[in-house]
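*Asks:* Contents of run_37.cif (mmCIF, C-alpha atoms) are below:
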data_input
loop_
_atom_site.label_atom_id
_atom_site.label_comp_id
_atom_site.auth_asym_id
_atom_site.auth_seq_id
_atom_site.Cartn_x
_atom_site.Cartn_y
_atom_site.Cartn_z
CA MET X 181 6.91 -7.82 1.99
CA LEU X 182 7.36 -4.26 3.19
CA ASP X 183 5.95 -3.10 6.49
CA TRP X 184 6.70 0.58 6.97
CA GLN X 185 5.28 3.64 8.62
CA VAL X 186 5.41 6.68 6.34
CA LYS X 187 5.52 10.15 7.88
CA LEU X 188 5.25 13.34 5.84
CA TYR X 189 6.01 16.61 7.58
CA LYS X 190 7.45 20.05 6.92
CA GLN X 191 10.77 21.17 8.34
CA LYS X 192 13.48 23.67 7.51
CA ALA X 193 16.39 21.69 6.13
CA LEU X 194 19.75 23.28 6.92
CA HIS X 195 21.38 22.20 3.67
CA LEU X 196 18.53 23.67 1.62
CA GLY X 197 18.04 26.87 3.57
CA GLU X 198 14.25 26.89 3.16
CA PRO X 199 11.21 25.04 4.50
CA THR X 200 11.20 21.56 3.01
CA TRP X 201 8.90 18.54 3.00
CA LEU X 202 10.62 15.58 4.67
CA ILE X 203 9.46 11.99 4.22
CA MET X 204 10.55 9.63 7.00
CA LEU X 205 10.22 5.86 6.57
CA SER X 206 10.43 3.58 9.59
CA LYS X 207 9.68 -0.09 10.20
CA SER X 208 6.31 -0.64 11.80
CA ARG X 209 6.49 -1.74 15.40
CA HIS X 210 3.29 -3.74 14.97
CA GLY X 211 4.36 -5.76 11.95
CA ASN X 212 7.07 -8.20 10.99
CA ILE X 213 10.54 -6.90 10.22
CA CYS X 214 10.87 -8.18 6.67
CA ARG X 215 14.40 -7.05 5.79
CA GLU X 216 17.39 -5.79 7.69
CA ILE X 217 17.98 -3.04 5.13
CA PHE X 218 15.95 -1.84 2.16
CA PRO X 219 16.73 -0.63 -1.37
CA PRO X 220 16.31 3.10 -2.03
CA ILE X 221 12.90 4.31 -3.13
CA HIS X 222 12.73 5.30 -6.80
CA LYS X 223 9.47 7.24 -6.56
CA LEU X 224 7.10 8.15 -3.75
CA TYR X 225 3.53 9.27 -4.34
CA PHE X 226 0.79 10.49 -1.99
CA LYS X 227 -2.85 11.08 -2.85
CA VAL X 228 -5.17 12.65 -0.26
CA ILE X 229 -8.84 12.02 -1.11
CA ALA X 230 -12.03 13.52 0.34
CA LEU X 231 -14.94 11.03 0.37
CA ASP X 232 -18.62 11.53 1.08
CA SER X 233 -20.68 9.22 3.29
CA ASP X 234 -21.22 6.83 0.35
CA GLY X 235 -17.51 6.55 -0.36
CA ASN X 236 -17.59 8.67 -3.51
CA THR X 237 -14.59 10.89 -4.29
CA GLN X 238 -15.39 14.58 -3.90
CA ASN X 239 -11.91 16.06 -4.16
CA TYR X 240 -8.26 15.04 -4.05
CA VAL X 241 -4.73 16.45 -4.09
CA LYS X 242 -1.50 14.75 -5.12
CA PHE X 243 2.04 14.99 -3.78
CA PHE X 244 4.65 13.34 -5.99
CA ILE X 245 8.34 12.86 -5.24
CA ASP X 246 10.59 11.58 -8.00
CA GLY X 247 14.25 11.59 -8.92
CA GLU X 248 14.54 15.32 -8.22
CA SER X 249 14.14 14.69 -4.51
CA ILE X 250 17.24 14.87 -2.35
CA PRO X 251 18.05 11.55 -0.64
CA MET X 252 19.17 11.78 2.98
CA GLY X 253 19.96 8.16 3.63
CA GLN X 254 17.84 5.14 2.77
CA THR X 255 14.90 6.07 4.99
CA CYS X 256 14.72 9.85 4.68
CA TYR X 257 13.91 11.89 1.59
CA ALA X 258 13.51 15.63 1.16
CA SER X 259 11.67 17.37 -1.66
CA LYS X 260 11.53 20.97 -2.75
CA PRO X 261 8.67 23.09 -1.35
CA ASP X 262 5.38 22.72 -3.20
CA VAL X 263 3.32 25.80 -2.40
CA LYS X 264 0.41 24.75 -4.59
CA PHE X 265 0.12 21.40 -2.84
CA GLU X 266 0.07 23.09 0.56
CA GLU X 267 -2.61 25.55 -0.51
CA ASP X 268 -4.77 22.91 -2.18
CA LEU X 269 -4.45 20.59 0.83
CA SER X 270 -5.49 23.33 3.27
CA VAL X 271 -8.53 24.21 1.17
CA MET X 272 -9.57 20.58 0.76
CA LEU X 273 -9.23 19.80 4.47
CA ALA X 274 -11.28 22.86 5.38
CA ASP X 275 -14.02 21.87 2.93
CA ALA X 276 -13.96 18.26 4.13
CA LYS X 277 -14.43 19.33 7.73
CA LYS X 278 -17.23 21.70 6.77
CA ASN X 279 -19.06 19.03 4.73
CA ASP X 280 -18.40 16.17 7.18
CA GLN X 281 -16.34 14.25 4.65
CA MET X 282 -13.90 11.43 5.30
CA ILE X 283 -10.22 11.74 4.36
CA GLN X 284 -8.41 8.83 2.73
CA LEU X 285 -4.65 8.65 2.10
CA GLU X 286 -3.15 6.53 -0.67
CA THR X 287 0.59 5.92 -0.65
CA ARG X 288 2.54 4.48 -3.56
CA MET X 289 6.21 3.52 -3.35
CA GLU X 290 8.13 2.41 -6.43
CA PHE X 291 11.43 0.53 -6.35
CA LYS X 292 13.79 -0.66 -9.04
CA ARG X 293 13.08 -4.36 -9.43
CA ASP X 294 16.71 -5.45 -9.59
CA ASP X 295 17.49 -3.72 -6.29
CA PHE X 296 15.47 -6.31 -4.36
CA GLY X 297 17.75 -9.07 -5.62
CA ASN X 298 20.90 -7.11 -4.87
CA LEU X 299 22.59 -8.47 -1.74
CA LYS X 300 23.90 -4.96 -1.08
CA TYR X 301 20.35 -4.00 -0.11
CA LEU X 302 19.60 -7.16 1.87
CA VAL X 303 22.45 -8.02 4.27
CA ARG X 304 24.91 -5.64 5.89
CA ALA X 305 28.65 -6.01 5.34
CA GLY X 306 30.25 -9.12 6.78
CA ALA X 307 33.80 -10.28 7.35
CA PRO X 308 36.29 -10.01 4.46
CA ASN X 309 36.98 -13.25 2.62
CA VAL X 310 40.24 -15.15 2.97
CA LEU X 311 42.53 -14.54 -0.01
CA GLN X 312 45.29 -16.92 -1.04
CA THR X 313 47.77 -14.05 -1.27
CA LEU X 314 47.19 -13.15 2.37
CA GLU X 315 47.65 -16.59 3.90
CA TYR X 316 51.17 -15.79 5.03
CA TYR X 317 49.66 -13.36 7.54
CA PHE X 318 48.11 -16.36 9.28
CA ASP X 319 51.35 -18.22 9.86
CA ALA X 320 50.36 -19.12 13.41
CA LEU X 321 47.30 -20.87 11.95
CA THR X 322 48.93 -22.59 8.97
CA ASP X 323 52.43 -23.40 10.26
CA LYS X 324 52.28 -27.14 11.02
CA SER X 325 55.29 -26.95 13.34
CA ARG X 326 53.11 -25.05 15.82
CA HIS X 327 50.23 -27.52 15.74
CA ASN X 328 49.84 -29.28 19.09
CA LEU X 329 46.05 -29.69 19.41
CA MET X 330 43.82 -32.10 17.47
CA LEU X 331 40.21 -30.98 16.98
CA LYS X 332 37.98 -33.96 16.17
CA THR X 333 34.52 -34.06 14.63
CA SER X 334 31.63 -35.34 16.73
CA ASP X 335 32.00 -38.91 15.43
CA GLY X 336 35.76 -38.88 16.05
CA VAL X 337 36.50 -40.01 12.49
CA HIS X 338 37.92 -36.77 11.08
CA SER X 339 40.18 -34.16 12.61
CA LEU X 340 42.44 -31.20 11.98
CA MET X 341 45.49 -29.90 13.81
CA THR X 342 45.93 -26.39 15.18
CA SER X 343 47.81 -24.45 17.82
CA LYS X 344 46.43 -24.80 21.35
CA GLU X 345 48.00 -21.51 22.41
CA LEU X 346 46.37 -19.78 19.45
CA VAL X 347 42.81 -20.97 20.14
CA CYS X 348 43.17 -20.22 23.86
CA LEU X 349 44.27 -16.71 23.02
CA ALA X 350 41.34 -16.22 20.63
CA SER X 351 38.50 -17.76 22.69
CA PRO X 352 37.62 -17.73 26.41
CA PHE X 353 35.81 -21.03 25.78
CA PHE X 354 39.08 -22.82 25.13
CA ARG X 355 40.85 -21.05 27.97
CA ASP X 356 38.22 -22.45 30.34
CA THR X 357 38.00 -25.90 28.73
CA LEU X 358 41.49 -27.01 27.76
CA LYS X 359 44.09 -28.13 30.27
CA ASP X 360 47.86 -27.99 29.98
CA THR X 361 47.93 -31.69 29.17
CA THR X 362 45.13 -31.60 26.57
CA THR X 363 46.22 -32.71 23.10
CA GLU X 364 42.84 -33.74 21.65
CA TYR X 365 39.38 -32.18 21.83
CA THR X 366 36.14 -33.50 20.33
CA VAL X 367 33.85 -30.82 18.88
CA GLU X 368 30.43 -32.28 19.71
CA ASP X 369 28.45 -29.84 17.52
CA ALA X 370 30.47 -30.35 14.32
CA ASP X 371 30.03 -33.33 12.02
CA SER X 372 32.47 -32.00 9.42
CA VAL X 373 36.05 -30.78 9.51
CA GLU X 374 35.07 -27.99 7.11
CA ALA X 375 32.81 -26.38 9.72
CA ILE X 376 35.65 -26.38 12.26
CA ASP X 377 38.08 -25.00 9.68
CA ILE X 378 35.75 -22.18 8.58
CA PHE X 379 35.06 -21.04 12.09
CA LEU X 380 38.63 -21.50 13.32
CA THR X 381 39.84 -19.27 10.50
CA TYR X 382 37.35 -16.55 11.38
CA MET X 383 38.03 -16.79 15.11
CA VAL X 384 41.77 -16.28 14.61
CA THR X 385 41.94 -14.00 11.57
CA GLY X 386 38.59 -12.22 11.42
CA ARG X 387 38.17 -13.41 7.82
CA TYR X 388 35.51 -15.64 6.29
CA LYS X 389 36.89 -18.75 4.58
CA LYS X 390 34.17 -19.13 1.98
CA PRO X 391 33.46 -22.79 1.15
CA ALA X 392 32.73 -23.85 -2.41
CA LEU X 393 29.26 -24.99 -1.26
CA LEU X 394 27.53 -23.77 1.87
CA THR X 395 24.76 -26.22 2.72
CA PRO X 396 22.15 -25.45 5.41
CA LYS X 397 23.76 -28.10 7.64
CA LEU X 398 27.26 -26.66 7.25
CA ALA X 399 26.00 -23.14 7.96
CA SER X 400 24.20 -24.39 11.06
CA GLU X 401 27.35 -26.07 12.39
CA VAL X 402 29.52 -22.98 11.81
CA PHE X 403 27.06 -20.67 13.55
CA THR X 404 26.61 -23.11 16.45
CA LEU X 405 30.37 -23.08 16.98
CA ALA X 406 30.35 -19.29 16.89
CA LYS X 407 27.89 -19.17 19.77
CA GLN X 408 29.61 -21.92 21.74
CA TRP X 409 33.17 -20.65 21.32
CA GLU X 410 32.20 -17.03 22.08
CA VAL X 411 33.71 -15.49 18.99
CA PHE X 412 34.46 -11.76 18.85
CA LYS X 413 32.21 -9.73 16.50
CA MET X 414 29.87 -12.61 15.73
CA LYS X 415 27.60 -10.24 13.78
CA LEU X 416 30.17 -9.98 10.98
CA LEU X 417 30.35 -13.76 10.67
CA LYS X 418 26.56 -13.97 10.74
CA ASN X 419 26.32 -11.41 7.92
CA SER X 420 28.84 -13.38 5.83
CA ILE X 421 26.92 -16.62 6.34
CA GLU X 422 23.58 -14.99 5.55
CA LYS X 423 24.92 -13.40 2.39
CA HIS X 424 26.45 -16.70 1.28
CA LEU X 425 23.19 -18.57 1.98
CA CYS X 426 21.24 -16.02 -0.07
CA GLU X 427 23.66 -16.63 -2.94
CA GLU X 428 23.07 -20.38 -2.62
CA LEU X 429 19.30 -19.80 -2.55
CA LYS X 430 19.48 -17.88 -5.85
CA THR X 431 21.12 -20.97 -7.35
CA ASN X 432 18.78 -23.55 -5.77
CA TYR X 433 15.48 -21.65 -5.84
CA GLU X 434 13.81 -24.45 -7.83
CA GLU X 435 14.57 -27.11 -5.19
CA LEU X 436 11.60 -27.16 -2.81
CA MET X 437 13.18 -29.38 -0.14
CA TYR X 438 16.38 -27.33 -0.16
CA ILE X 439 14.32 -24.21 0.54
CA CYS X 440 12.34 -25.93 3.32
CA ASN X 441 15.49 -27.11 5.08
CA LEU X 442 17.12 -23.71 4.67
CA LEU X 443 14.01 -22.05 6.12
CA ILE X 444 14.17 -24.27 9.21
CA LEU X 445 17.84 -23.40 9.67
CA ALA X 446 17.13 -19.69 9.27
CA GLU X 447 14.33 -19.86 11.85
CA ASP X 448 16.45 -21.72 14.40
CA ALA X 449 19.56 -19.58 13.88
CA LYS X 450 17.56 -16.33 13.66
CA PHE X 451 18.86 -15.56 10.16
CA GLN X 452 16.01 -13.13 9.50
CA ASN X 453 17.16 -12.07 6.03
CA VAL X 454 17.59 -15.66 4.84
CA LYS X 455 14.27 -16.62 6.37
CA ASN X 456 12.42 -13.88 4.53
CA CYS X 457 14.08 -14.82 1.25
CA CYS X 458 13.04 -18.46 1.77
CA VAL X 459 9.45 -17.50 2.56
CA ALA X 460 9.31 -15.22 -0.48
CA THR X 461 10.70 -18.00 -2.69
CA LEU X 462 8.14 -20.50 -1.39
CA VAL X 463 5.29 -18.04 -1.92
CA PHE X 464 6.37 -17.02 -5.42
CA TYR X 465 7.58 -20.32 -6.88
CA HIS X 466 6.30 -23.26 -4.82
CA PHE X 467 3.25 -22.32 -2.76
CA GLN X 468 0.84 -24.90 -4.18
CA ASP X 469 3.35 -27.77 -4.01
CA PHE X 470 4.44 -26.67 -0.55
CA MET X 471 0.87 -26.68 0.78
CA ARG X 472 0.07 -30.01 -0.86
CA ILE X 473 3.13 -31.73 0.60
CA MET X 474 3.01 -30.22 4.08
CA VAL X 475 -0.76 -30.43 4.57
CA ASN X 476 -1.91 -33.52 2.70
CA GLU X 477 1.12 -35.80 2.91
CA ASN X 478 2.95 -37.36 5.84
CA HIS X 479 6.23 -35.57 5.18
CA PRO X 480 9.17 -35.84 7.66
CA LEU X 481 9.32 -32.03 7.94
CA LYS X 482 5.58 -31.63 8.54
CA GLU X 483 5.80 -31.69 12.34
CA ARG X 484 8.55 -29.05 12.32
CA PHE X 485 6.58 -26.71 10.07
CA PHE X 486 3.45 -26.94 12.23
CA ARG X 487 5.29 -26.51 15.54
CA ARG X 488 4.77 -23.16 17.25
CA GLY X 489 7.84 -21.18 18.18
CA GLU X 490 8.90 -19.93 21.58
CA HIS X 491 6.76 -17.25 23.25
CA HIS X 492 3.75 -18.43 21.18
CA LYS X 493 5.40 -17.39 17.92
CA PRO X 494 3.42 -18.56 14.86
CA SER X 495 4.55 -21.79 13.24
CA LEU X 496 6.54 -21.69 10.02
CA MET X 497 3.47 -22.97 8.19
CA ASN X 498 1.37 -20.06 9.44
CA GLN X 499 4.15 -17.61 8.60
CA VAL X 500 4.30 -18.87 5.01
CA LYS X 501 0.50 -18.72 4.65
CA ALA X 502 0.39 -15.21 6.14
CA SER X 503 3.07 -14.07 3.69
CA PHE X 504 1.08 -15.54 0.81
CA VAL X 505 -1.97 -13.54 1.86
CA ALA X 506 0.13 -10.41 2.35
CA SER X 507 1.72 -10.80 -1.08
CA ASN X 508 -1.72 -10.63 -2.69
CA GLN X 509 -2.40 -7.35 -0.91
CA SER X 510 1.01 -5.73 -1.16
CA MET X 511 0.76 -4.08 -4.56
CA CYS X 512 -1.91 -1.62 -3.43
CA PHE X 513 -3.28 -0.72 -0.04
CA ILE X 514 -5.51 2.01 1.35
CA ARG X 515 -5.43 3.38 4.87
CA VAL X 516 -8.41 5.37 6.13
CA LEU X 517 -7.45 8.28 8.36
CA PRO X 518 -9.45 9.24 11.47
CA VAL X 519 -12.14 11.86 11.11
CA ILE X 520 -10.65 15.35 11.12
CA GLY X 521 -10.45 16.70 14.63
CA GLU X 522 -10.08 13.28 16.24
CA ASP X 523 -6.83 11.70 17.41
#
Could I get this file's structure written as structure tokens?
*Replies:*
Amino acid sequence: MLDWQVKLYKQKALHLGEPTWLIMLSKSRHGNICREIFPPIHKLYFKVIALDSDGNTQNYVKFFIDGESIPMGQTCYASKPDVKFEEDLSVMLADAKKNDQMIQLETRMEFKRDDFGNLKYLVRAGAPNVLQTLEYYFDALTDKSRHNLMLKTSDGVHSLMTSKELVCLASPFFRDTLKDTTTEYTVEDADSVEAIDIFLTYMVTGRYKKPALLTPKLASEVFTLAKQWEVFKMKLLKNSIEKHLCEELKTNYEELMYICNLLILAEDAKFQNVKNCCVATLVFYHFQDFMRIMVNENHPLKERFFRRGEHHKPSLMNQVKASFVASNQSMCFIRVLPVIGED
């Protein structure tokens, strides 16, 4: 599920003091962004092949970059000059042009398998977690003597107390909504007190109060509150939720309906990293059962999976099927370059 553009060019690297081959990797503008960040490449291999009109190999040169290359960030690698490769490539290109041959480029990228399951290479850093030893810093949030506002769940059954002055200071939403006489407020988008508590803690302290179990519904409620209450640095909270959901997915990867519901949440909340993990899990572990249930049976989620997104975005069903096709072609691919001399 990688969709990159690979550029190989020669440049004088200041830290090396000599002309150096640089390999730049960038996400393709024409494809889907599969991951927010990527694990480092373990090995990178190029093979330039000259083919005759019948597709038979007439000549080839190789360019191989391994652990001796100098990493310059996750998407830029530099290798030591390879004079022989440059000479062989020049000769081969000249012969190919003379003999009207076609040039084909094969690219091979190798990664360490465990890196793809490492959350460090999937989701960027989020908010720090709440620690018991630091709770005294949040006295304004935990001191019951300051509590003068009751926040109720949507059904009005459950509630928690907090400081009205504190939430008004932390959120313009409350400054615009609450009046001097307000003592109770019903949170229409929260069915659980836990969602209110998690978000309230982040809004006031900037820390993520990690629940013992983060269900798709709970995550949806927390993120909905974040958008409604106009929290500061929402990206950090989003990263924390995404990372936590990916941890839950690793535990519940065998539960097909859990994955389907999590995928719907990720699509609606634009949790791209979680969405891609869900799609990959469906493709790798459950594709046949998923297709049988969603296509042949009258499942409650069927309509949602076949519904097109905004701006004519493909339905979730089509996205899963496209990923299944792509997974069968991802191990090896060949790109044919234009004829030499043409753009």
*Asks:* Which residues, named as in the file, does the PyMOL selection byres ((chain X and resi 371-382) around 10) pick out? Answer as an mmCIF file with C-alpha atoms, in the coordinates of the input.
*Replies:*
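Full text of expr.cif as output:
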data_model
loop_
_atom_site.group_PDB
_atom_site.id
_atom_site.type_symbol
_atom_site.label_atom_id
_atom_site.label_comp_id
_atom_site.auth_asym_id
_atom_site.auth_seq_id
_atom_site.Cartn_x
_atom_site.Cartn_y
_atom_site.Cartn_z
ATOM 1 C CA ALA X 307 33.800 -10.280 7.350
ATOM 2 C CA PRO X 308 36.290 -10.010 4.460
ATOM 3 C CA ASN X 309 36.980 -13.250 2.620
ATOM 4 C CA VAL X 310 40.240 -15.150 2.970
ATOM 5 C CA PHE X 318 48.110 -16.360 9.280
ATOM 6 C CA LEU X 321 47.300 -20.870 11.950
ATOM 7 C CA THR X 322 48.930 -22.590 8.970
ATOM 8 C CA LEU X 331 40.210 -30.980 16.980
ATOM 9 C CA LYS X 332 37.980 -33.960 16.170
ATOM 10 C CA THR X 333 34.520 -34.060 14.630
ATOM 11 C CA SER X 334 31.630 -35.340 16.730
ATOM 12 C CA ASP X 335 32.000 -38.910 15.430
ATOM 13 C CA GLY X 336 35.760 -38.880 16.050
ATOM 14 C CA VAL X 337 36.500 -40.010 12.490
ATOM 15 C CA HIS X 338 37.920 -36.770 11.080
ATOM 16 C CA SER X 339 40.180 -34.160 12.610
ATOM 17 C CA LEU X 340 42.440 -31.200 11.980
ATOM 18 C CA MET X 341 45.490 -29.900 13.810
ATOM 19 C CA THR X 342 45.930 -26.390 15.180
ATOM 20 C CA VAL X 347 42.810 -20.970 20.140
ATOM 21 C CA ALA X 350 41.340 -16.220 20.630
ATOM 22 C CA VAL X 367 33.850 -30.820 18.880
ATOM 23 C CA GLU X 368 30.430 -32.280 19.710
ATOM 24 C CA ASP X 369 28.450 -29.840 17.520
ATOM 25 C CA ALA X 370 30.470 -30.350 14.320
ATOM 26 C CA MET X 383 38.030 -16.790 15.110
ATOM 27 C CA VAL X 384 41.770 -16.280 14.610
ATOM 28 C CA THR X 385 41.940 -14.000 11.570
ATOM 29 C CA GLY X 386 38.590 -12.220 11.420
ATOM 30 C CA ARG X 387 38.170 -13.410 7.820
ATOM 31 C CA TYR X 388 35.510 -15.640 6.290
ATOM 32 C CA LYS X 389 36.890 -18.750 4.580
ATOM 33 C CA LYS X 390 34.170 -19.130 1.980
ATOM 34 C CA PRO X 391 33.460 -22.790 1.150
ATOM 35 C CA LEU X 394 27.530 -23.770 1.870
ATOM 36 C CA LYS X 397 23.760 -28.100 7.640
ATOM 37 C CA LEU X 398 27.260 -26.660 7.250
ATOM 38 C CA ALA X 399 26.000 -23.140 7.960
ATOM 39 C CA SER X 400 24.200 -24.390 11.060
ATOM 40 C CA GLU X 401 27.350 -26.070 12.390
ATOM 41 C CA VAL X 402 29.520 -22.980 11.810
ATOM 42 C CA PHE X 403 27.060 -20.670 13.550
ATOM 43 C CA THR X 404 26.610 -23.110 16.450
ATOM 44 C CA LEU X 405 30.370 -23.080 16.980
ATOM 45 C CA ALA X 406 30.350 -19.290 16.890
ATOM 46 C CA TRP X 409 33.170 -20.650 21.320
ATOM 47 C CA VAL X 411 33.710 -15.490 18.990
ATOM 48 C CA PHE X 412 34.460 -11.760 18.850
ATOM 49 C CA LYS X 413 32.210 -9.730 16.500
ATOM 50 C CA MET X 414 29.870 -12.610 15.730
ATOM 51 C CA LEU X 416 30.170 -9.980 10.980
ATOM 52 C CA LEU X 417 30.350 -13.760 10.670
#
*Asks:* I'd like to know which of X:Leu346, X:Cys426, X:Ala230, X:Leu273 is closest to His327 in chain X, using only C-alpha atoms.
*Replies:*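 Comparing X:Leu346, X:Cys426, X:Ala230, X:Leu273 against His327 in chain X, the winner is X:Leu346.
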*Asks:* Pick out the closest residue to Val459 in chain X from this set: X:Ala506, X:Met289, X:Met330, X:Ala276. Count all atoms listed in the file.
*Replies:*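 Of X:Ala506, X:Met289, X:Met330, X:Ala276, the one nearest Val459 in chain X, counting all atoms listed in the file, is X:Ala506.
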*Asks:* Quote the spacing between CA of Lys227 in chain X and CA of Ser503 in chain X in Å to one decimal place.
*Replies:* 26.7 Å
*Asks:* Would you write out, as a PyMOL selection string, every residue that the PyMOL selection byres ((chain X and resi 345) around 12) captures in this file?
*Replies:* chain X and resi 320-321+326-329+342-344+346-352+354-355+358-360+362-363+384
*Asks:* Any chance you could resolve the PyMOL selection byres ((chain X and resi 275) around 12) against this file and give the residues as a ChimeraX atom specification?
*Replies:* /X:229-232,238-240,268-274,276-283,520
